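*Asks:* Pasting a structure here, questions to come.
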Amino acid sequence: MKYISTRGKAPKLGFEDVLLTGLASDGGLYVPDKLPFYSPKQIASWAGLSYQQLAYKLIKPFVGSSIPARDLEAIIGKSYGSFRHEAVTPLVQVGHNEWILELFHGPTLAFKDVALQLLGHLLDYVLDRRNERVVIMGATSGDTGSAAIEGCRRCKNIDIFILHPNKRVSEVQRRQMTTAIGKNIFNLAVEGNFDDCQQMVKDCFADQSFLKGKRLVAVNSINWARIMAQIVYYFYAAIHLGAPHRAVSFSVPTGNFGDIFAGYLAKKMGLPVDRLVIATNRNDILHRFLSQNQYQKTRLAHTLSPSMDIMVSSNFERMLFDLYENNGMAINTLMQDFQKNNGLSVPAKRLAGARQIFDSYAVNDKLTCETIKAVFEKSEYLLDPHTAIGVKAGRECRGRLSTPMVTLATAHPAKFPEAIQKAGVKQNPDLPYHMRDLFKRKEKYDVIENDLKQVQAYVSKRI
Ligand SMILES: *Cc1c(COP(=O)(O)O)cnc(C)c1O
């Protein structure tokens, strides 16, 4: 399989190169040039497969011949062996034909583990083969950083530097990053906010001279391998709920649009997905696009669901590219407009294309709390605030009751105890057993000024 850039000007790449690249050289994002398609008969034949077996079937065509079958199987086995649930992503029922797909059984209790466990092992495998050592830099407002560190901590060929805004991530989130001790792991607490961190990482990608020739790899959701890994659980859940014989809808707590874009691809690959609900918090640029054709950047709002606090959604470009039938030139123009005006809108025909598949709903903090409380009172199931937004949006956008509505549970409630308290739920969300000593573990991190030169000097001294 070959990969093409959404802006049409960068060279086509194979899987291995896409894995090791961030943005394409033309500023675009890589996507497969052609998706595999599965018939209902094929999908039905996967009914008895384990998560790992299904992952192998779905991931193999994207990887192509770049990793031998046996090795890929072993990589997938290792990646999901770190999950604390045998089903990897189990389904739980919370209402009438209403389901929660628990994606938080990985090492850091958020759905990002599903992709980053695999990404870490894939990177280590290809780097071993190339005899190459690379640098990973990432900015995090909480979840990505710890999931990236957990994914890469055992990788011999990677030095990983994660920037987080000092004192602005929750204690659980900080400890999940800073208690992962290893010679190749560096946590930088930047005296600034998340945007400062993100800007510095972007600047590092733009001018890599401080890396002395080493390659810089992206682990945010612009990395194609993350999207690929996330396609699997849509199939896994839908098959358990009756696909291909019946359609299933999904509600997805959305920030950068990586997770829900994987659901969109699953549908294009033949999975009978009825509706995909884009669930946002007050940072609702995607909801404004879908309801008013206004993809317009506004100020960042800080909410009880911090992992969805974004101003623009980086993977949205991948969806636009598809809506524009892979016309890279058109996307180029659109994104230039967006740069200039901080906003864009699309012709009615394109928007109608998106509305055929997506619904959207924005949920504020008050409704988030009410949903946490209501679901706990009715079903004694504790939702984290991100998942609560998914449940609420799913309920608002519910069509036929005979079609299962599955909300993706993107984080474990113990990661966000503050929201649970605010919701007025008396039940304490306990950390899972494997993390019970998190608050006793030793931490290691360095506080650093909000200054690009200092960050670059820090990195270059340690690689
Ligand atoms: C990252 C994250 C999201 C948003 O996922 P996207 O792929 O960026 O849309 C939602 N919930 C949680 C808990 C997250 O960590």
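In the structure tokens, chains take the letters A, B, ... in the order shown, each chain's residues start at 1, and ligands count up from 1 in the order shown.
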With the cut-off set at 9 Å and counting only C-alpha atoms and all ligand atoms, tabulate each residue of chain A with an atom at most that distance from an atom of ligand 1, showing the nearest atom pair and its distance in Å to one decimal, ordered by chain and increasing number, as a tab-separated table.

*Replies:*
```
residue	atom	partner	partner_atom_place_in_ligand_line	distance
A:Phe104	CA	ligand 1	13 (C)	8.7
A:Leu109	CA	ligand 1	13 (C)	8.6
A:Ala110	CA	ligand 1	13 (C)	5.6
A:Phe111	CA	ligand 1	15 (O)	6.3
A:Lys112	CA	ligand 1	15 (O)	6.1
A:Gly142	CA	ligand 1	15 (O)	7.6
A:Asp143	CA	ligand 1	15 (O)	4.9
A:Thr144	CA	ligand 1	15 (O)	6.5
A:Asn220	CA	ligand 1	8 (O)	8.9
A:Ser221	CA	ligand 1	7 (O)	6.8
A:Ile227	CA	ligand 1	7 (O)	8.4
A:Val252	CA	ligand 1	9 (O)	7.7
A:Pro253	CA	ligand 1	10 (C)	5.0
A:Thr254	CA	ligand 1	9 (O)	3.6
A:Gly255	CA	ligand 1	9 (O)	3.6
A:Asn256	CA	ligand 1	8 (O)	3.4
A:Phe257	CA	ligand 1	9 (O)	3.7
A:Gly258	CA	ligand 1	7 (O)	3.5
A:Asp259	CA	ligand 1	7 (O)	3.8
A:Ile260	CA	ligand 1	9 (O)	6.3
A:Phe261	CA	ligand 1	7 (O)	7.9
A:Ala262	CA	ligand 1	7 (O)	8.8
A:Ile278	CA	ligand 1	9 (O)	8.8
A:Thr280	CA	ligand 1	9 (O)	8.9
A:Ser305	CA	ligand 1	11 (N)	7.4
A:Pro306	CA	ligand 1	12 (C)	8.0
A:Ser307	CA	ligand 1	14 (C)	4.7
A:Met308	CA	ligand 1	4 (C)	5.2
A:Asp309	CA	ligand 1	4 (C)	8.6
A:Ile310	CA	ligand 1	8 (O)	8.5
A:Ser313	CA	ligand 1	8 (O)	7.4
A:Ser314	CA	ligand 1	8 (O)	8.3
A:Asn315	CA	ligand 1	7 (O)	8.1
A:Asp384	CA	ligand 1	13 (C)	8.1
A:Pro385	CA	ligand 1	13 (C)	8.2
A:His386	CA	ligand 1	11 (N)	5.2
A:Thr387	CA	ligand 1	11 (N)	7.1
A:Leu408	CA	ligand 1	11 (N)	8.8
A:Ala409	CA	ligand 1	13 (C)	7.7
A:Thr410	CA	ligand 1	13 (C)	4.4
A:Ala411	CA	ligand 1	13 (C)	4.4
A:His412	CA	ligand 1	13 (C)	8.0
A:Lys415	CA	ligand 1	13 (C)	8.9
```

*Asks:* For Leu382 of chain A, work out the shell of residues within 8 Å, counting only C-alpha atoms and skipping chain neighbours fewer than 4 positions away, then give it as an MDAnalysis selection string.

*Replies:* chainID A and resid 372 375:376 413 429

*Asks:* With only C-alpha atoms as the counted atoms, please give the residues lying no more than 10 Å from Tyr236 of chain A, apart from itself and same-chain residues fewer than 2 positions off, as a PDB file with N, CA, C and O atoms, in the first residue's frame.

*Replies:*
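Contents of result.pdb, as written:
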```pdb
ATOM      1  N   TRP A  46     -15.357 -13.042  10.685  1.00  0.00           N
ATOM      2  CA  TRP A  46     -14.442 -12.632  11.760  1.00  0.00           C
ATOM      3  C   TRP A  46     -15.097 -12.689  13.142  1.00  0.00           C
ATOM      4  O   TRP A  46     -14.483 -12.283  14.143  1.00  0.00           O
ATOM      5  N   ALA A  47     -16.331 -13.181  13.190  1.00  0.00           N
ATOM      6  CA  ALA A  47     -17.108 -13.092  14.430  1.00  0.00           C
ATOM      7  C   ALA A  47     -16.400 -13.694  15.646  1.00  0.00           C
ATOM      8  O   ALA A  47     -16.516 -13.174  16.745  1.00  0.00           O
ATOM      9  N   LEU A  49     -13.145 -13.982  16.284  1.00  0.00           N
ATOM     10  CA  LEU A  49     -11.731 -13.635  16.478  1.00  0.00           C
ATOM     11  C   LEU A  49     -11.489 -12.849  17.769  1.00  0.00           C
ATOM     12  O   LEU A  49     -12.318 -12.062  18.203  1.00  0.00           O
ATOM     13  N   SER A  50     -10.311 -13.059  18.338  1.00  0.00           N
ATOM     14  CA  SER A  50      -9.895 -12.243  19.478  1.00  0.00           C
ATOM     15  C   SER A  50      -9.518 -10.859  18.956  1.00  0.00           C
ATOM     16  O   SER A  50      -9.344 -10.651  17.751  1.00  0.00           O
ATOM     17  N   TYR A  51      -9.354  -9.922  19.886  1.00  0.00           N
ATOM     18  CA  TYR A  51      -8.966  -8.567  19.480  1.00  0.00           C
ATOM     19  C   TYR A  51      -7.669  -8.605  18.667  1.00  0.00           C
ATOM     20  O   TYR A  51      -7.565  -7.979  17.614  1.00  0.00           O
ATOM     21  N   LEU A  54      -8.184 -10.062  15.148  1.00  0.00           N
ATOM     22  CA  LEU A  54      -8.882  -9.108  14.287  1.00  0.00           C
ATOM     23  C   LEU A  54      -7.945  -7.953  13.911  1.00  0.00           C
ATOM     24  O   LEU A  54      -7.917  -7.500  12.756  1.00  0.00           O
ATOM     25  N   ALA A  55      -7.167  -7.499  14.879  1.00  0.00           N
ATOM     26  CA  ALA A  55      -6.222  -6.410  14.609  1.00  0.00           C
ATOM     27  C   ALA A  55      -5.264  -6.828  13.501  1.00  0.00           C
ATOM     28  O   ALA A  55      -4.971  -6.052  12.580  1.00  0.00           O
ATOM     29  N   ALA A  87     -10.235  -8.896  26.950  1.00  0.00           N
ATOM     30  CA  ALA A  87     -10.907  -8.525  25.704  1.00  0.00           C
ATOM     31  C   ALA A  87     -10.296  -7.254  25.090  1.00  0.00           C
ATOM     32  O   ALA A  87     -10.742  -6.819  24.028  1.00  0.00           O
ATOM     33  N   THR A  89     -10.656  -4.251  24.535  1.00  0.00           N
ATOM     34  CA  THR A  89     -11.630  -3.148  24.551  1.00  0.00           C
ATOM     35  C   THR A  89     -13.039  -3.710  24.762  1.00  0.00           C
ATOM     36  O   THR A  89     -13.802  -3.862  23.815  1.00  0.00           O
ATOM     37  N   PRO A  90     -13.401  -4.016  26.019  1.00  0.00           N
ATOM     38  CA  PRO A  90     -14.700  -4.643  26.282  1.00  0.00           C
ATOM     39  C   PRO A  90     -15.875  -3.669  26.122  1.00  0.00           C
ATOM     40  O   PRO A  90     -15.718  -2.465  26.285  1.00  0.00           O
ATOM     41  N   LEU A  91     -17.035  -4.241  25.830  1.00  0.00           N
ATOM     42  CA  LEU A  91     -18.284  -3.477  25.761  1.00  0.00           C
ATOM     43  C   LEU A  91     -19.059  -3.636  27.061  1.00  0.00           C
ATOM     44  O   LEU A  91     -19.119  -4.720  27.622  1.00  0.00           O
ATOM     45  N   LEU A 101     -17.956   1.464  24.974  1.00  0.00           N
ATOM     46  CA  LEU A 101     -16.796   0.683  24.537  1.00  0.00           C
ATOM     47  C   LEU A 101     -15.594   1.168  25.353  1.00  0.00           C
ATOM     48  O   LEU A 101     -15.083   2.276  25.134  1.00  0.00           O
ATOM     49  N   ILE A 231      -8.848   1.899  13.974  1.00  0.00           N
ATOM     50  CA  ILE A 231      -9.910   1.327  13.137  1.00  0.00           C
ATOM     51  C   ILE A 231     -10.404   0.004  13.745  1.00  0.00           C
ATOM     52  O   ILE A 231     -11.577  -0.329  13.679  1.00  0.00           O
ATOM     53  N   VAL A 232      -9.474  -0.701  14.380  1.00  0.00           N
ATOM     54  CA  VAL A 232      -9.757  -2.071  14.824  1.00  0.00           C
ATOM     55  C   VAL A 232     -10.937  -2.134  15.793  1.00  0.00           C
ATOM     56  O   VAL A 232     -11.834  -2.970  15.670  1.00  0.00           O
ATOM     57  N   TYR A 233     -10.977  -1.216  16.784  1.00  0.00           N
ATOM     58  CA  TYR A 233     -12.021  -1.384  17.807  1.00  0.00           C
ATOM     59  C   TYR A 233     -13.412  -1.052  17.305  1.00  0.00           C
ATOM     60  O   TYR A 233     -14.396  -1.509  17.871  1.00  0.00           O
ATOM     61  N   TYR A 234     -13.518  -0.293  16.227  1.00  0.00           N
ATOM     62  CA  TYR A 234     -14.851  -0.083  15.629  1.00  0.00           C
ATOM     63  C   TYR A 234     -15.380  -1.416  15.084  1.00  0.00           C
ATOM     64  O   TYR A 234     -16.532  -1.779  15.287  1.00  0.00           O
ATOM     65  N   ALA A 238     -18.577  -3.464  16.685  1.00  0.00           N
ATOM     66  CA  ALA A 238     -19.740  -3.636  15.810  1.00  0.00           C
ATOM     67  C   ALA A 238     -20.021  -5.119  15.562  1.00  0.00           C
ATOM     68  O   ALA A 238     -21.176  -5.553  15.565  1.00  0.00           O
ATOM     69  N   ILE A 239     -18.960  -5.896  15.375  1.00  0.00           N
ATOM     70  CA  ILE A 239     -19.156  -7.330  15.136  1.00  0.00           C
ATOM     71  C   ILE A 239     -19.816  -7.976  16.352  1.00  0.00           C
ATOM     72  O   ILE A 239     -20.723  -8.796  16.229  1.00  0.00           O
ATOM     73  N   HIS A 240     -19.414  -7.546  17.560  1.00  0.00           N
ATOM     74  CA  HIS A 240     -20.044  -8.117  18.758  1.00  0.00           C
ATOM     75  C   HIS A 240     -21.502  -7.725  18.884  1.00  0.00           C
ATOM     76  O   HIS A 240     -22.284  -8.410  19.538  1.00  0.00           O
ATOM     77  N   LEU A 241     -21.866  -6.602  18.290  1.00  0.00           N
ATOM     78  CA  LEU A 241     -23.253  -6.147  18.403  1.00  0.00           C
ATOM     79  C   LEU A 241     -24.081  -6.535  17.182  1.00  0.00           C
ATOM     80  O   LEU A 241     -25.189  -6.037  16.995  1.00  0.00           O
ATOM     81  N   ALA A 243     -22.947  -6.753  13.656  1.00  0.00           N
ATOM     82  CA  ALA A 243     -22.488  -6.473  12.289  1.00  0.00           C
ATOM     83  C   ALA A 243     -21.893  -7.764  11.704  1.00  0.00           C
ATOM     84  O   ALA A 243     -21.335  -8.557  12.465  1.00  0.00           O
TER      85      ALA A 243
END
```

*Asks:* Please return, as a PyMOL selection string, all residues of segment 324-402 of chain A that DSSP assigns to alpha helix (DSSP H) on the basis of the backbone.

*Replies:* chain A and resi 328-341+348-355+365-379+385-396

*Asks:* Near Ser291 of chain A, counting only C-alpha atoms, which residues have an atom at most 12 Å away, once you skip same-chain residues fewer than 3 positions from it, shown as a list in words?

*Replies:*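 Once the nearby chain positions are removed, what remains is Ile278, Asp284, Ile285, Leu286, His287, Arg288, Gln294, Tyr295, Ser345, Ala348, Leu351, Ala352, Ala354, Arg355, Phe358, Asp359, Ser360, Tyr361 and Ala362 of chain A.
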
*Asks:* With N, CA and C atoms retained, could you export that selection as a compact mmCIF listing (two decimals), in the first residue's frame?

*Replies:*
```
# COMPACT_ATOMS: atom_id res chain seq x y z
N ILE A 278 -20.10 13.28 16.34
CA ILE A 278 -18.96 14.06 16.81
C ILE A 278 -19.39 14.74 18.10
N ASP A 284 -15.94 23.84 20.22
CA ASP A 284 -16.87 23.13 19.34
C ASP A 284 -16.68 23.47 17.87
N ILE A 285 -15.46 23.69 17.45
CA ILE A 285 -15.22 24.08 16.05
C ILE A 285 -15.81 23.05 15.07
N LEU A 286 -15.77 21.79 15.43
CA LEU A 286 -16.29 20.77 14.52
C LEU A 286 -17.81 20.79 14.48
N HIS A 287 -18.40 21.05 15.63
CA HIS A 287 -19.86 21.16 15.67
C HIS A 287 -20.32 22.38 14.86
N ARG A 288 -19.58 23.48 14.97
CA ARG A 288 -19.94 24.66 14.19
C ARG A 288 -19.75 24.41 12.69
N GLN A 294 -19.18 26.50 9.33
CA GLN A 294 -18.16 27.46 9.76
C GLN A 294 -17.08 26.74 10.55
N TYR A 295 -15.97 26.50 9.87
CA TYR A 295 -14.82 25.94 10.56
C TYR A 295 -13.94 27.11 10.94
N SER A 345 -15.09 27.65 4.97
CA SER A 345 -16.34 26.93 4.78
C SER A 345 -16.26 26.25 3.42
N ALA A 348 -21.90 23.68 -0.52
CA ALA A 348 -23.00 22.93 0.09
C ALA A 348 -22.91 21.43 -0.20
N LEU A 351 -20.51 19.75 2.21
CA LEU A 351 -21.05 19.67 3.56
C LEU A 351 -22.11 18.58 3.63
N ALA A 352 -22.93 18.50 2.59
CA ALA A 352 -23.97 17.47 2.56
C ALA A 352 -23.33 16.09 2.62
N ALA A 354 -20.62 15.29 4.20
CA ALA A 354 -20.24 15.03 5.60
C ALA A 354 -21.47 14.71 6.44
N ARG A 355 -22.56 15.42 6.18
CA ARG A 355 -23.77 15.22 6.99
C ARG A 355 -24.44 13.87 6.74
N PHE A 358 -22.05 12.04 9.48
CA PHE A 358 -21.79 12.60 10.81
C PHE A 358 -22.98 13.37 11.36
N ASP A 359 -23.16 13.25 12.67
CA ASP A 359 -23.97 14.19 13.44
C ASP A 359 -23.00 14.86 14.40
N SER A 360 -23.44 15.95 15.03
CA SER A 360 -22.55 16.56 16.01
C SER A 360 -23.37 17.19 17.12
N TYR A 361 -22.73 17.33 18.28
CA TYR A 361 -23.39 17.96 19.41
C TYR A 361 -22.31 18.47 20.36
N ALA A 362 -22.52 19.69 20.89
CA ALA A 362 -21.55 20.26 21.84
C ALA A 362 -22.14 20.22 23.24
```

*Asks:* In Å, with one decimal, what is the gap from atom CA of Phe316 of chain A to atom CA of Leu276 of chain A?

*Replies:* 14.4 Å

*Asks:* Which one is closest to Lys60 of chain A: A:Leu13, A:Arg395, A:Met228, A:Phe210? Count only C-alpha atoms.

*Replies:*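 Using only C-alpha atoms, the shortest distance to Lys60 of chain A belongs to A:Met228.
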
*Asks:* Counting only C-alpha atoms, which residue out of A:Leu122, A:Met311, A:Val172, A:Ile463 sits closest to Pro417 of chain A?

*Replies:*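 Of A:Leu122, A:Met311, A:Val172, A:Ile463, the one nearest Pro417 of chain A is A:Val172, counting only C-alpha atoms.
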
*Asks:* Would you mind reading off the distance between atom CA of Arg398 of chain A and atom CA of Leu300 of chain A, one decimal, in Å?

*Replies:*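 Value for the atom CA of Arg398 of chain A-atom CA of Leu300 of chain A distance: 28.5 Å.
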
*Asks:* Kindly give the distance, in Å, that separates atom CA of Asn283 of chain A and atom CA of Ala301 of chain A, rounded to a single decimal.

*Replies:*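 It comes out at 6.2 Å.
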
*Asks:* DSSP on the backbone: what in segment 51-159 of chain A comes out strand (DSSP E), as a list in words?

*Replies:*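 Reading the DSSP output for segment 51-159 of chain A, strand (DSSP E) covers Leu91, Val92, Gln93, Val94, Gly95, Glu98, Trp99, Ile100, Leu101, Glu102, Val134, Val135, Ile136, Met137, Gly138, Ala139, Ile158 and Asp159 of chain A.
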
*Asks:* Would you export the selected residues with N, CA and C atoms as a PDB file, in the first residue's frame, please?

*Replies:*
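The result, written out as result.pdb:
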```pdb
ATOM      1  N   LEU A  91     -17.035  -4.241  25.830  1.00  0.00           N
ATOM      2  CA  LEU A  91     -18.284  -3.477  25.761  1.00  0.00           C
ATOM      3  C   LEU A  91     -19.059  -3.636  27.061  1.00  0.00           C
ATOM      4  N   VAL A  92     -19.670  -2.541  27.525  1.00  0.00           N
ATOM      5  CA  VAL A  92     -20.520  -2.586  28.715  1.00  0.00           C
ATOM      6  C   VAL A  92     -21.835  -1.921  28.360  1.00  0.00           C
ATOM      7  N   GLN A  93     -22.942  -2.482  28.814  1.00  0.00           N
ATOM      8  CA  GLN A  93     -24.237  -1.874  28.510  1.00  0.00           C
ATOM      9  C   GLN A  93     -24.632  -0.904  29.618  1.00  0.00           C
ATOM     10  N   VAL A  94     -25.086   0.300  29.229  1.00  0.00           N
ATOM     11  CA  VAL A  94     -25.537   1.245  30.255  1.00  0.00           C
ATOM     12  C   VAL A  94     -26.991   1.673  30.109  1.00  0.00           C
ATOM     13  N   GLY A  95     -27.625   1.301  29.018  1.00  0.00           N
ATOM     14  CA  GLY A  95     -29.023   1.682  28.823  1.00  0.00           C
ATOM     15  C   GLY A  95     -29.622   0.809  27.737  1.00  0.00           C
ATOM     16  N   GLU A  98     -27.850   0.775  24.468  1.00  0.00           N
ATOM     17  CA  GLU A  98     -26.858   1.831  24.592  1.00  0.00           C
ATOM     18  C   GLU A  98     -25.619   1.242  25.271  1.00  0.00           C
ATOM     19  N   TRP A  99     -24.471   1.426  24.644  1.00  0.00           N
ATOM     20  CA  TRP A  99     -23.273   0.702  25.051  1.00  0.00           C
ATOM     21  C   TRP A  99     -22.090   1.637  25.251  1.00  0.00           C
ATOM     22  N   ILE A 100     -21.175   1.168  26.086  1.00  0.00           N
ATOM     23  CA  ILE A 100     -19.913   1.874  26.304  1.00  0.00           C
ATOM     24  C   ILE A 100     -18.791   0.949  25.831  1.00  0.00           C
ATOM     25  N   LEU A 101     -17.956   1.464  24.974  1.00  0.00           N
ATOM     26  CA  LEU A 101     -16.796   0.683  24.537  1.00  0.00           C
ATOM     27  C   LEU A 101     -15.594   1.168  25.353  1.00  0.00           C
ATOM     28  N   GLU A 102     -15.182   0.363  26.305  1.00  0.00           N
ATOM     29  CA  GLU A 102     -14.125   0.784  27.236  1.00  0.00           C
ATOM     30  C   GLU A 102     -12.750   0.670  26.584  1.00  0.00           C
ATOM     31  N   VAL A 134      16.275   7.324  16.949  1.00  0.00           N
ATOM     32  CA  VAL A 134      15.535   8.551  16.647  1.00  0.00           C
ATOM     33  C   VAL A 134      15.134   9.284  17.924  1.00  0.00           C
ATOM     34  N   VAL A 135      14.654  10.500  17.711  1.00  0.00           N
ATOM     35  CA  VAL A 135      14.185  11.331  18.813  1.00  0.00           C
ATOM     36  C   VAL A 135      12.678  11.529  18.644  1.00  0.00           C
ATOM     37  N   ILE A 136      11.946  11.393  19.751  1.00  0.00           N
ATOM     38  CA  ILE A 136      10.527  11.732  19.739  1.00  0.00           C
ATOM     39  C   ILE A 136      10.345  12.969  20.601  1.00  0.00           C
ATOM     40  N   MET A 137       9.632  13.933  20.046  1.00  0.00           N
ATOM     41  CA  MET A 137       9.247  15.084  20.867  1.00  0.00           C
ATOM     42  C   MET A 137       7.747  15.252  20.773  1.00  0.00           C
ATOM     43  N   GLY A 138       7.137  15.532  21.908  1.00  0.00           N
ATOM     44  CA  GLY A 138       5.701  15.730  21.889  1.00  0.00           C
ATOM     45  C   GLY A 138       5.288  16.734  22.949  1.00  0.00           C
ATOM     46  N   ALA A 139       4.177  17.413  22.678  1.00  0.00           N
ATOM     47  CA  ALA A 139       3.600  18.314  23.671  1.00  0.00           C
ATOM     48  C   ALA A 139       2.320  17.650  24.162  1.00  0.00           C
ATOM     49  N   ILE A 158      14.879   4.741  20.853  1.00  0.00           N
ATOM     50  CA  ILE A 158      14.155   6.006  20.907  1.00  0.00           C
ATOM     51  C   ILE A 158      14.534   6.792  22.159  1.00  0.00           C
ATOM     52  N   ASP A 159      14.837   8.076  21.989  1.00  0.00           N
ATOM     53  CA  ASP A 159      14.875   8.999  23.127  1.00  0.00           C
ATOM     54  C   ASP A 159      13.607   9.832  23.056  1.00  0.00           C
TER      55      ASP A 159
END
```

*Asks:* Taking only C-alpha atoms into account, which of A:Glu16, A:Met435, A:Ile75, A:Asn293 comes nearest Gln176 of chain A?

*Replies:*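 The answer is A:Met435, which sits nearest to Gln176 of chain A.
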
*Asks:* Write out as a ChimeraX atom specification which residues come within 8 Å of segment 332-334 of chain A when counting only C-alpha atoms, dropping same-chain ones fewer than 3 positions away.

*Replies:* /A:6-8,328-329,337-338,344

*Asks:* Could the residues in this selection be saved with C-alpha atoms as a PDB file, in the first residue's frame?

*Replies:*
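Generated output (result_22.pdb):
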```pdb
ATOM      1  CA  THR A   6      -3.597  15.507   1.553  1.00  0.00           C
ATOM      2  CA  ARG A   7      -1.965  18.462  -0.217  1.00  0.00           C
ATOM      3  CA  GLY A   8      -0.954  16.501  -3.276  1.00  0.00           C
ATOM      4  CA  GLY A 328      -4.899  17.742  -3.072  1.00  0.00           C
ATOM      5  CA  MET A 329      -4.862  21.070  -4.886  1.00  0.00           C
ATOM      6  CA  ASP A 337      -7.503  30.250   3.224  1.00  0.00           C
ATOM      7  CA  PHE A 338      -7.744  28.854   6.707  1.00  0.00           C
ATOM      8  CA  LEU A 344     -13.056  28.149   6.193  1.00  0.00           C
TER       9      LEU A 344
END
```

*Asks:* Between A:Asn97, A:Ser79, A:Gln336, A:Gln296, which residue has the minimum interatomic distance to His121 of chain A, considering only C-alpha atoms?

*Replies:*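 Counting only C-alpha atoms, the residue closest to His121 of chain A is A:Ser79.
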
*Asks:* Find the residues around Leu23 of chain A up to 8 Å (only C-alpha atoms counted), leave out those fewer than 5 positions away in its own chain, and share them as a PDB file with N, CA and C atoms, in the first residue's frame.

*Replies:*
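Resulting contents of selection-v3.pdb:
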```pdb
ATOM      1  N   GLY A  28       1.002  18.655   4.328  1.00  0.00           N
ATOM      2  CA  GLY A  28      -0.203  17.828   4.438  1.00  0.00           C
ATOM      3  C   GLY A  28      -0.030  16.653   5.387  1.00  0.00           C
ATOM      4  N   LEU A  29      -1.056  15.799   5.420  1.00  0.00           N
ATOM      5  CA  LEU A  29      -1.033  14.593   6.249  1.00  0.00           C
ATOM      6  C   LEU A  29      -1.115  13.385   5.323  1.00  0.00           C
ATOM      7  N   TYR A  30      -0.448  12.317   5.708  1.00  0.00           N
ATOM      8  CA  TYR A  30      -0.481  11.123   4.862  1.00  0.00           C
ATOM      9  C   TYR A  30      -1.739  10.289   5.081  1.00  0.00           C
ATOM     10  N   ILE A 222      -1.201  13.039  13.988  1.00  0.00           N
ATOM     11  CA  ILE A 222      -0.892  13.167  12.567  1.00  0.00           C
ATOM     12  C   ILE A 222      -0.143  11.924  12.089  1.00  0.00           C
ATOM     13  N   ASN A 223       0.378  11.114  13.015  1.00  0.00           N
ATOM     14  CA  ASN A 223       1.042   9.878  12.612  1.00  0.00           C
ATOM     15  C   ASN A 223       0.004   8.854  12.159  1.00  0.00           C
TER      16      ASN A 223
END
```
